[in-house]
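To be precise, the following lines are run_32.txt, and they hold compact mmCIF, C-alpha atoms (C1' of nucleotides).
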```txt
# COMPACT_ATOMS: atom_id res chain seq x y z
CA MET B 12 6.41 55.21 49.92
CA PRO B 13 3.93 52.36 50.01
CA TYR B 14 5.22 48.91 49.15
CA PRO B 15 8.90 48.47 50.02
CA ALA B 16 11.02 47.87 46.92
CA GLN B 17 12.65 44.45 46.64
CA ILE B 18 15.33 45.73 44.29
CA ASP B 19 16.80 49.02 43.16
CA HIS B 20 19.12 50.27 40.45
CA GLU B 21 22.17 49.62 42.57
CA ALA B 22 21.20 46.03 43.40
CA ILE B 23 20.57 45.37 39.72
CA LEU B 24 23.98 46.70 38.78
CA THR B 25 25.78 44.78 41.49
CA SER B 26 24.09 41.55 40.57
CA ALA B 27 24.62 42.12 36.87
CA GLU B 28 28.29 42.80 37.50
CA GLN B 29 28.70 39.46 39.23
CA LEU B 30 26.61 37.56 36.71
CA LEU B 31 28.57 39.09 33.86
CA GLU B 32 31.81 37.55 35.05
CA ARG B 33 30.11 34.28 35.84
CA THR B 34 28.27 33.80 32.56
CA GLY B 35 29.79 36.14 29.99
CA ILE B 36 27.91 38.80 28.06
CA GLU B 37 26.14 36.39 25.72
CA GLN B 38 24.44 34.56 28.55
CA LEU B 39 23.65 37.63 30.64
CA SER B 40 19.92 37.81 30.01
CA LEU B 41 17.40 39.93 31.84
CA THR B 42 15.56 36.75 32.73
CA LEU B 43 18.61 35.29 34.43
CA LEU B 44 19.35 38.57 36.13
CA ALA B 45 15.80 38.92 37.39
CA SER B 46 15.70 35.38 38.75
CA GLU B 47 19.02 36.03 40.50
CA LEU B 48 17.38 39.02 42.15
CA GLY B 49 14.26 37.05 43.03
CA VAL B 50 11.87 39.00 40.80
CA LYS B 51 10.26 38.53 37.42
CA THR B 52 11.82 40.01 34.30
CA PRO B 53 9.40 42.88 33.68
CA SER B 54 10.07 44.23 37.16
CA LEU B 55 13.52 45.27 36.04
CA TYR B 56 12.00 47.78 33.66
CA ARG B 57 10.96 49.99 36.54
CA TYR B 58 14.67 50.68 37.10
CA ILE B 59 16.27 50.35 33.68
CA ALA B 60 15.17 51.62 30.28
CA ASN B 61 16.26 48.47 28.49
CA ARG B 62 19.13 46.00 28.25
CA ASP B 63 21.42 48.38 26.41
CA ALA B 64 20.98 51.05 29.06
CA LEU B 65 21.79 48.52 31.76
CA LEU B 66 24.98 47.55 29.98
CA ARG B 67 25.90 51.19 29.56
CA SER B 68 25.53 51.72 33.30
CA LEU B 69 27.66 48.65 33.90
CA ASN B 70 30.30 50.05 31.57
CA GLU B 71 30.36 53.39 33.28
CA ARG B 72 30.75 51.69 36.61
CA THR B 73 33.62 49.66 35.19
CA MET B 74 35.28 52.89 34.08
CA GLN B 75 34.98 54.28 37.58
CA GLN B 76 36.43 51.16 39.12
CA LEU B 77 39.30 51.24 36.68
CA PHE B 78 39.86 54.90 37.53
CA SER B 79 40.08 54.02 41.22
CA ALA B 80 42.52 51.24 40.49
CA PHE B 81 44.68 53.62 38.45
CA THR B 82 44.67 56.22 41.17
CA GLN B 83 45.61 53.71 43.79
CA ALA B 84 48.38 52.24 41.63
CA ARG B 85 49.89 55.65 41.03
CA SER B 86 49.92 56.56 44.68
CA ALA B 87 51.67 53.29 45.51
CA ALA B 88 54.29 53.66 42.77
CA ASP B 89 57.52 55.60 42.60
CA PRO B 90 56.67 59.16 41.53
CA VAL B 91 59.03 59.26 38.54
CA PRO B 92 57.08 59.33 35.27
CA THR B 93 58.21 55.99 33.84
CA ALA B 94 57.31 54.20 37.07
CA GLN B 95 53.92 55.90 37.19
CA ILE B 96 53.21 55.01 33.59
CA SER B 97 54.28 51.40 34.00
CA ALA B 98 52.19 51.08 37.13
CA VAL B 99 49.06 52.33 35.39
CA LEU B 100 49.54 50.13 32.33
CA ARG B 101 50.21 47.09 34.50
CA THR B 102 47.10 47.89 36.49
CA GLN B 103 45.02 48.08 33.35
CA ARG B 104 46.12 44.60 32.38
CA ALA B 105 45.59 43.24 35.88
CA PHE B 106 42.08 44.65 35.93
CA ALA B 107 41.32 43.02 32.60
CA HIS B 108 42.50 39.70 33.97
CA THR B 109 40.41 40.02 37.11
CA ARG B 110 37.26 41.19 35.35
CA PRO B 111 37.64 40.03 31.76
CA HIS B 112 34.02 40.31 30.72
CA ALA B 113 33.56 43.70 32.31
CA TYR B 114 36.72 44.93 30.61
CA MET B 115 35.77 43.62 27.20
CA LEU B 116 32.25 44.95 27.47
CA ALA B 117 33.45 48.40 28.49
CA PHE B 118 35.97 48.73 25.68
CA SER B 119 34.34 46.90 22.84
CA SER B 120 30.59 47.15 23.14
CA THR B 121 29.14 46.36 19.78
CA SER B 122 26.28 48.84 19.86
CA ALA B 123 26.59 52.54 20.44
CA ALA B 124 23.75 52.44 22.96
CA GLN B 125 25.92 50.44 25.31
CA ARG B 126 28.94 52.72 25.06
CA PRO B 127 29.72 54.83 28.11
CA ASP B 128 29.84 58.58 27.87
CA PRO B 129 33.18 59.56 26.24
CA ALA B 130 33.84 61.86 29.20
CA HIS B 131 34.41 58.80 31.38
CA LEU B 132 37.19 57.69 29.09
CA VAL B 133 38.86 61.08 29.08
CA ARG B 134 38.71 61.27 32.84
CA LEU B 135 40.18 57.79 33.05
CA VAL B 136 43.29 58.51 31.02
CA LEU B 137 44.01 62.17 31.76
CA PRO B 138 46.31 61.49 34.74
CA LEU B 139 48.23 59.01 32.62
CA GLN B 140 48.60 61.55 29.86
CA GLU B 141 50.10 64.00 32.35
CA CYS B 142 52.76 61.47 33.32
CA ILE B 143 53.50 60.85 29.69
CA ALA B 144 53.72 64.58 29.06
CA GLU B 145 56.49 64.78 31.64
CA LEU B 146 58.34 62.26 29.56
CA VAL B 147 57.80 63.44 26.00
CA GLY B 148 56.40 66.94 26.32
CA ALA B 149 52.82 68.10 26.17
CA ASN B 150 52.57 68.35 22.40
CA ARG B 151 53.52 64.73 21.84
CA SER B 152 51.63 63.46 24.85
CA LEU B 153 48.32 62.64 23.19
CA SER B 154 49.91 60.59 20.46
CA ALA B 155 52.19 58.84 22.95
CA LEU B 156 49.25 58.17 25.23
CA ARG B 157 47.32 56.62 22.37
CA GLY B 158 50.19 54.36 21.48
CA GLY B 159 50.59 53.20 25.04
CA LEU B 160 46.90 52.58 25.53
CA ALA B 161 46.76 50.77 22.22
CA LEU B 162 49.67 48.55 23.17
CA VAL B 163 48.16 47.51 26.47
CA HIS B 164 44.61 47.27 25.22
CA GLY B 165 45.65 45.24 22.22
CA PHE B 166 47.76 42.91 24.29
CA VAL B 167 44.95 42.35 26.73
CA MET B 168 42.32 41.85 24.05
CA LEU B 169 44.47 39.30 22.28
CA GLU B 170 45.00 37.51 25.58
CA LEU B 171 41.34 37.54 26.54
CA ASN B 172 40.32 36.25 23.14
CA ASN B 173 42.81 33.41 23.35
CA GLN B 174 44.86 34.70 20.48
CA LEU B 175 48.23 34.43 22.17
CA GLN B 176 48.31 30.68 22.40
CA ARG B 177 51.77 29.87 21.10
CA GLY B 178 53.33 29.53 24.50
CA GLY B 179 56.04 31.63 26.07
CA ASP B 180 55.78 33.85 29.11
CA LEU B 181 52.99 36.33 28.48
CA ASN B 182 53.81 38.37 31.55
CA ALA B 183 57.37 38.76 30.34
CA ALA B 184 56.21 39.58 26.83
CA PHE B 185 53.94 42.27 28.22
CA GLU B 186 56.64 43.80 30.36
CA ASP B 187 59.06 43.68 27.46
CA SER B 188 56.62 45.34 25.12
CA VAL B 189 55.89 48.17 27.51
CA ARG B 190 59.60 48.63 28.19
CA VAL B 191 60.30 48.70 24.46
CA TYR B 192 57.60 51.27 23.85
CA LEU B 193 58.75 53.52 26.67
CA ALA B 194 62.36 53.22 25.54
CA GLY B 195 61.26 54.14 22.02
CA LEU B 196 59.37 57.15 23.34
CA ALA B 197 62.46 58.51 25.06
CA LEU B 198 64.55 57.86 21.97
CA VAL B 199 62.25 59.45 19.46
CA GLN B 200 61.87 62.43 21.74
CA GLU B 201 65.58 63.13 21.35
CA ASN B 202 65.29 62.99 17.57
CA GLU B 203 62.63 65.68 17.26
CA MET H 167 21.29 15.56 -8.89
CA PRO H 168 17.58 16.31 -8.93
CA TYR H 169 16.49 19.78 -7.95
CA PRO H 170 19.15 22.38 -8.73
CA ALA H 171 20.40 24.12 -5.59
CA GLN H 172 19.52 27.80 -5.30
CA ILE H 173 22.34 28.46 -2.87
CA ASP H 174 25.54 26.86 -1.66
CA HIS H 175 28.04 27.35 1.14
CA GLU H 176 30.05 29.80 -0.92
CA ALA H 177 27.05 31.96 -1.81
CA ILE H 178 26.04 32.05 1.84
CA LEU H 179 29.50 33.18 2.91
CA THR H 180 29.75 35.82 0.23
CA SER H 181 26.36 37.23 1.05
CA ALA H 182 27.03 37.09 4.79
CA GLU H 183 30.31 38.90 4.26
CA GLN H 184 28.56 41.77 2.51
CA LEU H 185 25.65 41.87 4.95
CA LEU H 186 28.05 41.92 7.87
CA GLU H 187 29.61 45.18 6.76
CA ARG H 188 26.25 46.64 5.87
CA THR H 189 24.43 45.82 9.10
CA GLY H 190 27.00 44.91 11.75
CA ILE H 191 27.17 41.66 13.64
CA GLU H 192 24.19 42.38 15.90
CA GLN H 193 21.82 42.76 12.99
CA LEU H 194 23.23 39.91 10.93
CA SER H 195 20.45 37.38 11.44
CA LEU H 196 19.90 34.16 9.57
CA THR H 197 16.49 35.48 8.61
CA LEU H 198 17.97 38.54 6.96
CA LEU H 199 20.69 36.49 5.32
CA ALA H 200 18.19 33.98 3.96
CA SER H 201 15.92 36.66 2.58
CA GLU H 202 18.94 38.27 0.93
CA LEU H 203 19.61 34.94 -0.75
CA GLY H 204 15.98 34.49 -1.73
CA VAL H 205 15.29 31.46 0.44
CA LYS H 206 13.67 30.76 3.79
CA THR H 207 15.71 30.58 6.97
CA PRO H 208 15.65 26.83 7.56
CA SER H 209 17.10 26.22 4.11
CA LEU H 210 20.41 27.60 5.33
CA TYR H 211 20.77 24.67 7.70
CA ARG H 212 21.43 22.34 4.81
CA TYR H 213 24.74 24.16 4.35
CA ILE H 214 25.70 25.41 7.82
CA ALA H 215 25.54 23.69 11.19
CA ASN H 216 24.34 26.80 12.99
CA ARG H 217 24.97 30.52 13.27
CA ASP H 218 28.20 30.12 15.21
CA ALA H 219 29.64 27.80 12.57
CA LEU H 220 28.73 30.30 9.87
CA LEU H 221 30.52 33.07 11.73
CA ARG H 222 33.52 30.83 12.23
CA SER H 223 33.70 30.23 8.48
CA LEU H 224 33.42 33.95 7.93
CA ASN H 225 36.27 34.53 10.35
CA GLU H 226 38.50 32.01 8.68
CA ARG H 227 37.81 33.61 5.35
CA THR H 228 38.71 36.98 6.83
CA MET H 229 42.00 35.52 8.03
CA GLN H 230 42.75 34.29 4.55
CA GLN H 231 41.95 37.64 3.01
CA LEU H 232 44.14 39.37 5.54
CA PHE H 233 46.91 36.92 4.75
CA SER H 234 46.64 37.78 1.07
CA ALA H 235 46.75 41.47 1.85
CA PHE H 236 49.86 40.96 3.99
CA THR H 237 51.60 38.97 1.30
CA GLN H 238 50.82 41.55 -1.32
CA ALA H 239 51.95 44.41 0.91
CA ARG H 240 55.26 42.73 1.61
CA SER H 241 55.98 42.09 -2.03
CA ALA H 242 55.30 45.73 -2.84
CA ALA H 243 57.46 47.07 -0.01
CA ASP H 244 61.19 47.60 0.28
CA PRO H 245 62.74 44.29 1.36
CA VAL H 246 64.52 45.67 4.43
CA PRO H 247 62.95 44.34 7.65
CA THR H 248 61.65 47.62 9.07
CA ALA H 249 59.96 48.47 5.79
CA GLN H 250 58.42 45.02 5.58
CA ILE H 251 57.17 45.23 9.14
CA SER H 252 55.73 48.70 8.73
CA ALA H 253 54.02 47.66 5.52
CA VAL H 254 52.33 44.70 7.18
CA LEU H 255 51.19 46.66 10.22
CA ARG H 256 49.87 49.46 8.04
CA THR H 257 48.02 46.90 5.96
CA GLN H 258 46.43 45.40 9.04
CA ARG H 259 45.06 48.78 9.99
CA ALA H 260 43.90 49.53 6.45
CA PHE H 261 42.08 46.22 6.31
CA ALA H 262 40.35 46.96 9.58
CA HIS H 263 39.21 50.30 8.23
CA THR H 264 37.91 48.77 5.03
CA ARG H 265 36.14 45.84 6.69
CA PRO H 266 35.58 46.94 10.28
CA HIS H 267 32.94 44.41 11.20
CA ALA H 268 34.79 41.49 9.64
CA TYR H 269 37.94 42.55 11.44
CA MET H 270 36.27 42.91 14.82
CA LEU H 271 34.40 39.65 14.45
CA ALA H 272 37.54 37.76 13.51
CA PHE H 273 39.61 39.08 16.39
CA SER H 274 37.10 39.42 19.16
CA SER H 275 34.37 36.86 18.74
CA THR H 276 32.63 36.50 22.04
CA SER H 277 31.99 32.79 21.90
CA ALA H 278 34.62 30.13 21.38
CA ALA H 279 32.45 28.42 18.78
CA GLN H 280 32.94 31.39 16.46
CA ARG H 281 36.69 31.54 16.85
CA PRO H 282 38.72 30.43 13.84
CA ASP H 283 41.18 27.60 14.13
CA PRO H 284 44.32 28.95 15.87
CA ALA H 285 46.39 27.62 12.98
CA HIS H 286 44.96 30.36 10.78
CA LEU H 287 46.33 32.95 13.14
CA VAL H 288 49.77 31.38 13.25
CA ARG H 289 49.90 31.19 9.48
CA LEU H 290 48.83 34.82 9.27
CA VAL H 291 51.62 36.20 11.42
CA LEU H 292 54.51 33.83 10.76
CA PRO H 293 55.97 35.84 7.85
CA LEU H 294 55.80 38.96 10.00
CA GLN H 295 57.60 37.18 12.79
CA GLU H 296 60.39 36.29 10.39
CA CYS H 297 60.88 39.91 9.47
CA ILE H 298 60.95 40.83 13.12
CA ALA H 299 63.45 38.06 13.81
CA GLU H 300 65.81 39.70 11.31
CA LEU H 301 65.59 42.81 13.43
CA VAL H 302 65.80 41.49 16.99
CA GLY H 303 66.93 37.90 16.65
CA ALA H 304 64.89 34.72 16.71
CA ASN H 305 64.71 34.32 20.47
CA ARG H 306 63.14 37.75 21.01
CA SER H 307 60.99 37.56 17.92
CA LEU H 308 57.86 36.08 19.47
CA SER H 309 57.71 38.64 22.23
CA ALA H 310 58.45 41.46 19.79
CA LEU H 311 55.81 40.15 17.41
CA ARG H 312 53.25 40.09 20.18
CA GLY H 313 54.01 43.66 21.13
CA GLY H 314 53.70 44.84 17.57
CA LEU H 315 50.47 43.02 16.95
CA ALA H 316 49.12 44.28 20.25
CA LEU H 317 50.00 47.84 19.37
CA VAL H 318 48.28 47.74 16.00
CA HIS H 319 45.33 45.66 17.13
CA GLY H 320 44.75 47.85 20.15
CA PHE H 321 44.98 51.02 18.11
CA VAL H 322 42.53 49.70 15.58
CA MET H 323 40.10 48.40 18.16
CA LEU H 324 40.09 51.72 19.97
CA GLU H 325 39.47 53.46 16.67
CA LEU H 326 36.68 51.16 15.59
CA ASN H 327 34.96 51.46 18.94
CA ASN H 328 35.11 55.24 18.78
CA GLN H 329 37.40 55.51 21.74
CA LEU H 330 39.90 57.86 20.15
CA GLN H 331 37.60 60.83 19.89
CA ARG H 332 39.72 63.61 21.29
CA GLY H 333 40.83 64.91 17.93
CA GLY H 334 44.31 65.02 16.48
CA ASP H 335 45.62 63.17 13.46
CA LEU H 336 45.02 59.47 14.04
CA ASN H 337 47.05 58.45 11.01
CA ALA H 338 49.99 60.38 12.34
CA ALA H 339 49.50 58.97 15.82
CA PHE H 340 49.50 55.47 14.39
CA GLU H 341 52.63 56.01 12.34
CA ASP H 342 54.33 57.61 15.32
CA SER H 343 53.41 54.74 17.60
CA VAL H 344 54.73 52.12 15.22
CA ARG H 345 57.90 54.11 14.68
CA VAL H 346 58.36 54.47 18.43
CA TYR H 347 57.89 50.77 18.98
CA LEU H 348 60.29 49.77 16.23
CA ALA H 349 62.86 52.26 17.47
CA GLY H 350 62.48 50.83 20.94
CA LEU H 351 62.95 47.31 19.62
CA ALA H 352 66.25 48.22 18.01
CA LEU H 353 67.36 50.00 21.17
CA VAL H 354 66.50 47.28 23.62
CA GLN H 355 68.15 44.77 21.33
CA GLU H 356 71.45 46.57 21.87
CA ASN H 357 71.02 46.43 25.62
CA GLU H 358 70.64 42.66 25.86
C1' DG R 186 5.87 8.78 -17.93
C1' DT R 187 7.35 7.26 -13.31
C1' DC R 188 10.48 7.51 -9.50
C1' DC R 189 13.15 9.45 -5.85
C1' DA R 190 16.38 11.95 -3.48
C1' DA R 191 17.92 16.59 -3.11
C1' DA R 192 16.53 20.86 -1.68
C1' DA R 193 13.30 23.83 -0.46
C1' DC R 194 9.17 24.83 2.39
C1' DT R 195 5.74 25.24 6.34
C1' DA R 196 4.92 24.58 11.07
C1' DA R 197 6.32 24.26 15.62
C1' DT R 198 9.52 25.02 19.71
C1' DT R 199 12.36 27.65 22.58
C1' DA R 200 14.42 31.73 24.26
C1' DT R 201 14.66 36.50 24.87
C1' DA R 202 13.45 41.47 25.01
C1' DT R 203 9.86 44.39 25.62
C1' DT R 204 5.07 46.37 26.45
C1' DA R 205 0.35 46.53 28.43
C1' DG R 206 -2.50 45.98 31.87
C1' DT R 207 -3.63 43.93 36.58
C1' DC R 208 -2.95 42.89 41.39
C1' DT R 209 -0.93 43.50 46.01
C1' DT R 210 0.91 45.74 49.82
C1' DG R 211 1.56 48.67 53.56
C1' DA R 212 2.27 53.57 55.01
C1' DA R 213 -0.43 57.35 55.81
C1' DA R 214 -4.89 59.68 56.09
C1' DA R 215 -9.39 59.58 58.00
C1' DT Y 87 -9.03 50.95 63.38
C1' DT Y 88 -10.27 51.21 58.82
C1' DT Y 89 -9.76 53.04 54.22
C1' DT Y 90 -7.10 54.65 50.49
C1' DC Y 91 -3.84 54.60 46.77
C1' DA Y 92 0.27 54.60 44.48
C1' DA Y 93 4.56 52.15 44.24
C1' DG Y 94 6.14 48.06 42.85
C1' DA Y 95 5.59 43.55 41.55
C1' DC Y 96 3.01 40.27 38.65
C1' DT Y 97 0.71 37.86 34.60
C1' DA Y 98 -0.26 37.93 29.87
C1' DA Y 99 0.80 39.11 25.38
C1' DT Y 100 3.81 40.52 21.27
C1' DA Y 101 7.82 40.39 18.38
C1' DT Y 102 12.07 38.56 16.79
C1' DA Y 103 15.44 34.96 16.32
C1' DA Y 104 17.57 30.36 16.27
C1' DT Y 105 16.68 25.85 15.60
C1' DT Y 106 14.25 21.28 14.66
C1' DA Y 107 10.71 18.20 12.59
C1' DG Y 108 8.20 16.89 9.12
C1' DT Y 109 6.16 17.82 4.42
C1' DT Y 110 6.24 19.17 -0.35
C1' DT Y 111 8.30 20.15 -4.74
C1' DT Y 112 11.29 19.47 -8.54
C1' DG Y 113 13.61 17.62 -12.42
C1' DG Y 114 17.18 14.31 -13.99
C1' DA Y 115 17.59 9.28 -14.53
C1' DC Y 116 15.48 5.18 -15.74
```

Would you write the structure of this file as structure tokens?
Amino acid sequence: MPYPAQIDHEAILTSAEQLLERTGIEQLSLTLLASELGVKTPSLYRYIANRDALLRSLNERTMQQLFSAFTQARSAADPVPTAQISAVLRTQRAFAHTRPHAYMLAFSSTSAAQRPDPAHLVRLVLPLQECIAELVGANRSLSALRGGLALVHGFVMLELNNQLQRGGDLNAAFEDSVRVYLAGLALVQENE
Amino acid sequence: MPYPAQIDHEAILTSAEQLLERTGIEQLSLTLLASELGVKTPSLYRYIANRDALLRSLNERTMQQLFSAFTQARSAADPVPTAQISAVLRTQRAFAHTRPHAYMLAFSSTSAAQRPDPAHLVRLVLPLQECIAELVGANRSLSALRGGLALVHGFVMLELNNQLQRGGDLNAAFEDSVRVYLAGLALVQENE
DNA sequence: GTCCAAAACTAATTATATTAGTCTTGAAAA
DNA sequence: TTTTCAAGACTAATATAATTAGTTTTGGAC
């Protein structure tokens, strides 16, 4: 291979990942990214189809990182279902706090071209659904999973968009909300 | 006043509101908006400071419309707290389905310059918080409000971003989730 | 009929994504 | 050692958008 490459797809992704958190999605331009990598903008196009495709790759990588974090959290937590579930949900929020722009981009990309393959999402939440199934039964597990994900995702999105600004302990509010939801799940289970 | 104006701030907002739902936020350019209004792009700057300010106005208008919808829903619903709460949360989701782009823009604007004044948000949810306070007491009401809003907002955002694609009845899942959360609220209340 | 300020316009600037076409390098062949 | 050539980077050019500066038009008031 004549002419050693100065960059590759991996280096682009790594750099973009860092830049994303530093500048936010609005400011993450290919020009800035290229200059960070020490090349000119058009050089990037040897490795990426376009900006949307780059962001999609970033999002898929975020999904994988989140999956790893979930796996790790579960193995560190008490094996009873409620503990496993809480651990995963707490980890989701922690991840969003650590990598806010990556989280927001992954879960609310405006254009379809940036959206990761749906399979990534399924893979991400399947273990969680299994824990939930132990709690509420398999046939209610998808609905219960969706509620739990919605609760955490919504909480996090409101936080990240500065829409929970009225004071109070947000950590406590989060823990409360999750506890309330899980308690409700157990309760409603009895009623059916 | 020499030279009758062809547009005004209100006409711009109305047109932008319609265009937003038709094209999405990415495609909503000042050029497109101006041509829709039958003027050239720079003419808009007599009425708006810049694109961000326009989007902020749009967002504040969305908040007001949502507030109206909430008020109307509450007056149509049974006056007991749980019915009032359910009605509001259901209305939030219905609004998001009717005006997806306006909803997403209002609650997850990327840049701070587009974000509506926080007071709008407080005004929007205060009546809901009062209903919740009747259920769980004033001192738990903020936390309980946040959980409820998070649940609905998260559910809606996942829906709008096509992240609930595994089938099943989403309306039922939503109703279930809200029911579970409200049941949990009542339960945890007893425990404290 | 003239005046003038409001309101629109044209032209120019900047930034970004993207495409087309050119140049450079260095490993491998001769 | 020299030549070759394709990978990989570069420069130049195009298109779209936001924004600013400066110019022109209009029509009510005098």

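Picture a line from atom CA of B:Val133 to atom CA of B:Thr121; it runs 19.9 Å.
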
- request: Pick out the residues sitting within 6 Å of stretch 64-74 of chain B, and hand them over as a ChimeraX atom specification; count all atoms listed in the file, and ignore anything fewer than 4 positions along from it in its own chain.
  value: /B:60,117,125-127

message: At a cut-off of 12 Å, using all atoms listed in the file, what residues contact Y:DA103? Leave out same-chain residues fewer than 5 positions from it and give the result as a count of residues only.
response: 14

If you take only C-alpha atoms and a cut-off of 7 Å, which residues of chain H touch chain B, and what are their nearest atom pairs and distances in Å to one decimal, in chain and number order, as CSV?
```
residue,atom,partner,partner_atom,distance
H:Ser274,CA,B:Asn172,CA,6.0
H:Ser309,CA,B:Ala184,CA,4.9
H:Ala310,CA,B:Ser188,CA,6.8
H:Gly313,CA,B:Ser188,CA,5.1
H:Ala316,CA,B:Gly165,CA,4.1
H:Leu317,CA,B:Leu162,CA,3.9
H:His319,CA,B:Gly165,CA,5.1
H:Gly320,CA,B:Gly165,CA,3.5
H:Phe321,CA,B:Ala161,CA,4.5
H:Asn327,CA,B:Ser119,CA,6.0
H:Ala339,CA,B:Ser154,CA,4.9
H:Ser343,CA,B:Gly158,CA,5.1
H:Val346,CA,B:Gly195,CA,4.6
H:Tyr347,CA,B:Tyr192,CA,4.9
H:Ala349,CA,B:Gly195,CA,5.2
H:Gly350,CA,B:Gly195,CA,3.7
H:Leu351,CA,B:Val191,CA,5.7
H:Val354,CA,B:Val191,CA,6.4
```

task: Take atom C1' of R:DG211 and atom CA of B:Ser54 and report the distance between them in Å, one decimal.
output: 19.0 Å
